[in-house]
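J.: Once you've had a glance at the structure underneath, I'll fire off some questions.
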Number of protein chains: 2
Amino acid sequence: MTIKDIAKLAGVSVGTVSRVINHHPDVSDSTRLKVESIISREGFEPNSNARLLKNNTESDIAILIKGTQNLFLESLLEKIQILLAESGENANIVFLDESADAVKTAVQINAQKHPKGFIFLGGDVKNFSRSFAQVSVPSVLVTQDASQLGFANLSSFCTDDYAGAAEAVRTLLAYGHRKIGILGGYMSYNGEGITSPRLAGAADVLQEHGIPFDPEEDFTPSRFSFPDSHQAARKMLEKHPGITAVFTHSDVLSVGVLRAAADLHLRVPEDLSIIGYDGIEYTDYSLPRLATVRQNTDALARRSVEDLLFRICCGREAVHEKIPFSVDIKESISHHTETDGTE
Amino acid sequence: MTIKDIAKLAGVSVGTVSRVINHHPDVSDSTRLKVESIISREGFEPNSNARLLKNNTESDIAILIKGTQNLFLESLLEKIQILLAESGENANIVFLDESADAVKTAVQINAQKHPKGFIFLGGDVKNFSRSFAQVSVPSVLVTQDASQLGFANLSSFCTDDYAGAAEAVRTLLAYGHRKIGILGGYMSYNGEGITSPRLAGAADVLQEHGIPFDPEEDFTPSRFSFPDSHQAARKMLEKHPGITAVFTHSDVLSVGVLRAAADLHLRVPEDLSIIGYDGIEYTDYSLPRLATVRQNTDALARRSVEDLLFRICCGREAVHEKIPFSVDIKESISHHTETDGTE
DNA sequence: CTGAAAGCGCTTACAG
DNA sequence: CTGAAAGCGCTTACAG
């Protein structure tokens, strides 16, 4: 069933059918009604390839998500996909390994499928400076700041990670902790985007409070997965038994810490306090409930989709917004009282 | 840059360029090399819409996933998407609410975008009988049995849920439990596919062992999410304080039970044993580690993709396979000793 | 308001 | 082995 068949059935030309389908104003009401009734009677759906070929445009919005089993990015993904669907947009979702170069993949997809736009859920800033110039369509980087990159077609929506990390550490300090371990991502592939600001925010606050911070000693990298964070946390806790609190760069990592603490018979929060980052739903259901720096996923998703669609349709300039975060203090944090005399 | 430009640059006709691109054998080596070098030098990518229009075929495989925040289906989704990508297939992923009619959505997508095939991650069997006839392309239902539906274009790959549930309950019985609560999905939208066999398997084993089972009393429905399972589990445990073990139809529900048990100061497993279903990665990292009927997601994903692509290319008959499961007995189960004298 | 016709970028018989 | 040409299903100036 093609537009030609409909035209024949309706006794009009294909051009007229096309105009009806595309809601062109220049069609008489009677013709419109006749054609519409035949289209719906026949259940006709125009061939999307032909339309796209003519319009020289592609339908999809590609979403690249970094890291499998990353509950935070997955919840963002779902929200974004639902918002896109509500706007009648088609999402083409690609899961990538945490260490993969999302921009390189985007360049390929850009060349092969010419999507209307890209949404990057995570991705290393280094990779953007290296090859994003080859991506020609409006794009959005979510959860990381792209303002310094200066690409006219790349917006970004993220949390102020420096401030969030600072706030997390300030919270631990306020609860009396002085020996604080930090568990975060690998510098090599999350470095500039995520790990670096979250580490800097933490380090600066510690130093402001006269607590020396040595990244080599006090920071442990991990992939954002349960098994890796479990291993990494365990190593960290064994190596630094004096630690009374941990700041993790992701709630997924907090789960690993929780597990490692149990292995070592450390009670949370009595022996070890934990604060994470992201604010995934699970943090309200863990034992104990996990404190976290909550990113506003609703706002991140909404603004990303709004901005992308707006720029696709109306060609505006890229924007860079920081979405407010909040610190959720929950059961995994408790006061530390100095029993060992050191400060 | 189109095929015409390449033809001009190479000094050949567009037909020849097309043959090179499509690896037709009838091209001389010298011509092939010349054209290929120009294509790669120019970074030319053929317009996919034009190809698809000619081939009268569409590129995508649509994946419909039921339930957001369903960690089990999400891990399946990731595996499937990665396998599809390895085969050069494009996945068009749509997240649906747990209560949505995935088949209705598929019928729409089928008409509008003509995907090559569908993969349903979850979905109610009732909805398939009602409207799957309108889906014309090869499809796969994962995690549920479609063999009774008799659609020639619908394969299914699942676990033997009746047997899995029976085995879970047998395990609890072997550990001395007699008062067993069951937490599962809503009959109204997961009924025939998931809840019904898992409930029947459990009920039959209980009755074999002379333990009466009344669905109204001993079964509590919940959505497959943390907050809902938490509420439902809490209600169940408060209403039936005699329960010493819970069988949940999903590990996500077990998390809710864990949380509800903690609220009520019940220790797991000392006061309450838990066994779930699915085998999500998290069950190895919870406190305590959660026993579960582990579905083989690797095999489910692999077989689903293999079968779908095979049927798309070679038009074979649909198949229905049961993928073996395994029962993982972990820390959330302990022996129950009869202290109250009843049996 | 409507039709006839060109053309989007590609593929593939048909000739040679 | 290669070219010229028709055609996939649609859209849209151009006439009228």
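Ordered as shown in the structure tokens, chains take letters A, B, and onward, while each chain numbers its residues from 1 and ligands are numbered from 1 in the order shown.
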Taking only region 160-267 of chain B into account, list the residues labelled helix (DSSP H, G or I) by DSSP (computed from the backbone), as an NGL selection string.
T.: :B and (161-174 or 187-208 or 215-218 or 226-239 or 251-263)
J.: What are the closest atom pairs, with distances in Å to one decimal, for all residues of chain D lying within 9 Å of chain B? Consider only C-alpha atoms (C1' of nucleotides), order rows by chain and residue number, and present the result as CSV.
T.:
residue,atom,partner,partner_atom,distance
D:DC1,C1',B:Val27,CA,5.8
D:DT2,C1',B:Thr16,CA,7.0
D:DG3,C1',B:Ser13,CA,6.3
D:DA4,C1',B:Ser13,CA,9.0
D:DG7,C1',B:Lys54,CA,8.6
D:DC8,C1',B:Lys54,CA,4.6
D:DG9,C1',B:Leu53,CA,7.5
J.: Write down, as a PyMOL selection string, each residue of chain A that has any atom within 9 Å of an atom of chain B, counting only C-alpha atoms.
T.: chain A and resi 43-53+56-58+68-69+71+74-75+78+81-82+85+90-96+111-114+226-227+230+255-256+258-260+262+281-282+284-288
J.: Please produce a file of those selected residues containing C-alpha atoms, as a CSV table (one decimal), in the first residue's frame.
T.:
chain,number,residue,atom,x,y,z
A,43,GLY,CA,-4.6,1.6,7.7
A,44,PHE,CA,-2.0,3.2,5.4
A,45,GLU,CA,1.3,4.4,6.9
A,46,PRO,CA,3.6,6.4,4.6
A,47,ASN,CA,7.0,4.7,4.0
A,48,SER,CA,9.3,6.5,6.3
A,49,ASN,CA,12.4,5.8,4.2
A,50,ALA,CA,10.9,7.6,1.3
A,51,ARG,CA,9.9,10.5,3.4
A,52,LEU,CA,13.3,10.7,5.0
A,53,LEU,CA,15.0,10.5,1.7
A,56,ASN,CA,17.0,14.5,3.5
A,57,THR,CA,16.8,14.1,7.2
A,58,GLU,CA,16.9,11.2,9.6
A,68,THR,CA,26.7,-1.1,31.7
A,69,GLN,CA,25.1,-1.8,35.0
A,71,LEU,CA,22.1,2.4,37.7
A,74,GLU,CA,20.2,3.9,33.4
A,75,SER,CA,17.6,5.9,35.3
A,78,GLU,CA,14.8,5.8,31.0
A,81,GLN,CA,13.8,8.0,26.4
A,82,ILE,CA,10.3,8.5,27.8
A,85,ALA,CA,8.9,9.3,23.0
A,90,ASN,CA,12.7,7.9,18.1
A,91,ALA,CA,15.7,7.0,20.3
A,92,ASN,CA,18.5,4.9,19.1
A,93,ILE,CA,20.2,3.7,22.3
A,94,VAL,CA,23.7,2.3,22.4
A,95,PHE,CA,25.3,0.9,25.5
A,96,LEU,CA,29.1,1.3,25.7
A,111,ALA,CA,28.5,9.3,9.3
A,112,GLN,CA,26.5,6.1,8.9
A,113,LYS,CA,23.0,7.0,10.1
A,114,HIS,CA,23.0,10.8,10.2
A,226,PHE,CA,29.4,-3.8,42.0
A,227,PRO,CA,32.3,-6.3,41.7
A,230,HIS,CA,33.7,-4.3,46.1
A,255,VAL,CA,27.2,-0.6,47.5
A,256,GLY,CA,30.7,-2.1,47.1
A,258,LEU,CA,28.9,-1.6,52.1
A,259,ARG,CA,29.7,-5.1,51.1
A,260,ALA,CA,33.5,-4.7,51.8
A,262,ALA,CA,30.6,-6.3,56.0
A,281,GLU,CA,16.5,5.1,44.1
A,282,TYR,CA,18.2,2.2,45.7
A,284,ASP,CA,16.5,4.6,50.0
A,285,TYR,CA,16.2,0.8,50.3
A,286,SER,CA,19.7,-0.3,51.2
A,287,LEU,CA,20.7,-1.4,54.7
A,288,PRO,CA,21.5,1.1,56.0
J.: Which residues are close to Lys235 (chain A), i.e. within 12 Å by only C-alpha atoms (C1' of nucleotides), leaving aside same-chain residues fewer than 4 positions away? Reply as a PyMOL selection string.
T.: chain A and resi 181+183+217-222+228-231+239-241+256-257+260-261+263-264
J.: Next, the residues of the selection above should be written as a JSON list (two decimals), in the first residue's frame with C-alpha atoms.
T.:
[["chain", "number", "residue", "atom", "x", "y", "z"],
["A", 181, "GLY", "CA", 38.88, 7.62, 52.03],
["A", 183, "LEU", "CA", 36.54, 5.92, 46.02],
["A", 217, "GLU", "CA", 47.14, 7.33, 49.26],
["A", 218, "ASP", "CA", 43.68, 8.62, 49.95],
["A", 219, "PHE", "CA", 42.02, 8.03, 46.61],
["A", 220, "THR", "CA", 41.19, 4.60, 45.19],
["A", 221, "PRO", "CA", 39.94, 4.21, 41.63],
["A", 222, "SER", "CA", 37.34, 1.68, 40.54],
["A", 228, "ASP", "CA", 34.94, -3.76, 40.97],
["A", 229, "SER", "CA", 33.83, -1.40, 43.69],
["A", 230, "HIS", "CA", 33.69, -4.29, 46.13],
["A", 231, "GLN", "CA", 37.29, -5.24, 45.34],
["A", 239, "LYS", "CA", 45.26, -0.75, 53.46],
["A", 240, "HIS", "CA", 43.93, 2.12, 55.56],
["A", 241, "PRO", "CA", 42.29, 0.63, 58.63],
["A", 256, "GLY", "CA", 30.68, -2.11, 47.08],
["A", 257, "VAL", "CA", 31.85, -0.29, 50.18],
["A", 260, "ALA", "CA", 33.45, -4.73, 51.77],
["A", 261, "ALA", "CA", 32.77, -3.26, 55.19],
["A", 263, "ASP", "CA", 33.39, -8.60, 54.89],
["A", 264, "LEU", "CA", 35.74, -6.88, 57.29]]
J.: What's around Ile323 (chain B) at 9 Å? Count only C-alpha atoms (C1' of nucleotides), leave out sequence neighbours fewer than 6 positions away in its own chain, and write the answer as a ChimeraX atom specification.
T.: /B:157-160,295-296,299-300
J.: With N, CA and C atoms kept, could you save the residues just selected as an mmCIF file, in the first residue's frame?
T.:
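Below you can see again06.cif, which holds the result:
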data_model
loop_
_atom_site.group_PDB
_atom_site.id
_atom_site.type_symbol
_atom_site.label_atom_id
_atom_site.label_comp_id
_atom_site.auth_asym_id
_atom_site.auth_seq_id
_atom_site.Cartn_x
_atom_site.Cartn_y
_atom_site.Cartn_z
ATOM 1 N N PHE B 157 11.954 -17.475 24.475
ATOM 2 C CA PHE B 157 13.054 -18.049 25.242
ATOM 3 C C PHE B 157 12.823 -17.672 26.692
ATOM 4 N N CYS B 158 12.752 -18.667 27.515
ATOM 5 C CA CYS B 158 12.461 -18.352 28.912
ATOM 6 C C CYS B 158 12.971 -19.455 29.821
ATOM 7 N N THR B 159 12.826 -19.180 31.073
ATOM 8 C CA THR B 159 13.129 -20.171 32.090
ATOM 9 C C THR B 159 11.848 -20.945 32.364
ATOM 10 N N ASP B 160 11.977 -22.173 32.774
ATOM 11 C CA ASP B 160 10.789 -22.931 33.172
ATOM 12 C C ASP B 160 10.355 -22.405 34.533
ATOM 13 N N GLN B 295 18.223 -17.005 36.527
ATOM 14 C CA GLN B 295 17.968 -17.220 35.104
ATOM 15 C C GLN B 295 19.285 -16.967 34.381
ATOM 16 N N ASN B 296 19.480 -17.699 33.315
ATOM 17 C CA ASN B 296 20.727 -17.567 32.575
ATOM 18 C C ASN B 296 20.590 -16.453 31.536
ATOM 19 N N ALA B 299 22.532 -16.769 28.181
ATOM 20 C CA ALA B 299 21.922 -17.673 27.203
ATOM 21 C C ALA B 299 20.621 -17.099 26.661
ATOM 22 N N LEU B 300 19.822 -16.507 27.525
ATOM 23 C CA LEU B 300 18.564 -15.911 27.067
ATOM 24 C C LEU B 300 18.836 -14.845 26.008
#
J.: Can you pull out every residue within 9 Å of Val137 (chain B), counting only C-alpha atoms (C1' of nucleotides), but drop anything in the same chain fewer than 2 positions away, and send it as a PDB file with C-alpha atoms, in the first residue's frame?
T.:
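Below you can see selection_18.pdb, which holds the result:
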ATOM      1  CA  ASN B 110       5.188  -2.037  13.211  1.00  0.00           C
ATOM      2  CA  HIS B 114       8.349  -1.331   9.845  1.00  0.00           C
ATOM      3  CA  PRO B 115      11.211  -2.679  11.918  1.00  0.00           C
ATOM      4  CA  LYS B 116      12.845  -5.908  10.858  1.00  0.00           C
ATOM      5  CA  GLY B 117      11.881  -7.595  14.064  1.00  0.00           C
ATOM      6  CA  PHE B 118      10.741  -7.171  17.635  1.00  0.00           C
ATOM      7  CA  VAL B 135       2.603  -7.715  13.962  1.00  0.00           C
ATOM      8  CA  SER B 139       9.636 -11.444  16.912  1.00  0.00           C
ATOM      9  CA  ASN B 153       6.491 -15.392  13.773  1.00  0.00           C
ATOM     10  CA  LEU B 154       6.892 -15.355  17.549  1.00  0.00           C
ATOM     11  CA  ILE B 312      14.898 -12.427   9.681  1.00  0.00           C
TER      12      ILE B 312
END
J.: Quick check, in Å to one decimal: how far apart do CA of Lys322 (chain A) and CA of Ser136 (chain A) lie?
T.: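 Between CA of Lys322 (chain A) and CA of Ser136 (chain A) the gap is 24.3 Å.
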J.: In region 82-302 of chain A, what's strand (DSSP E or B) per DSSP? Answer as a ChimeraX atom specification?
T.: /A:90-96,117-121,139-142,154-158,180-184,219-221,245-248,273-278,291-294
J.: I'd like the neighbourhood of Ala245 (chain B) as a VMD selection string, where a residue qualifies if any of its atoms comes within 12 Å (using only C-alpha atoms (C1' of nucleotides)), though same-chain residues fewer than 4 positions away should be ignored.
T.: chain B and resid 168 to 183 218 233 236 to 237 240 to 241 254 257 to 258 261 266 to 276 291 332 to 336
J.: Do you know which residues are at most 9 Å from Ala203 (chain A) counting only C-alpha atoms (C1' of nucleotides), after dropping those on the same chain fewer than 2 positions away, and could you put them as a ChimeraX atom specification?
T.: /A:165-166,169,198-201,205-208,211-215
J.: Do you have the CA of Ile65 (chain A)-CA of Pro324 (chain A) distance handy?
T.: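 Going from CA of Ile65 (chain A) over to CA of Pro324 (chain A), I get 22.2 Å.
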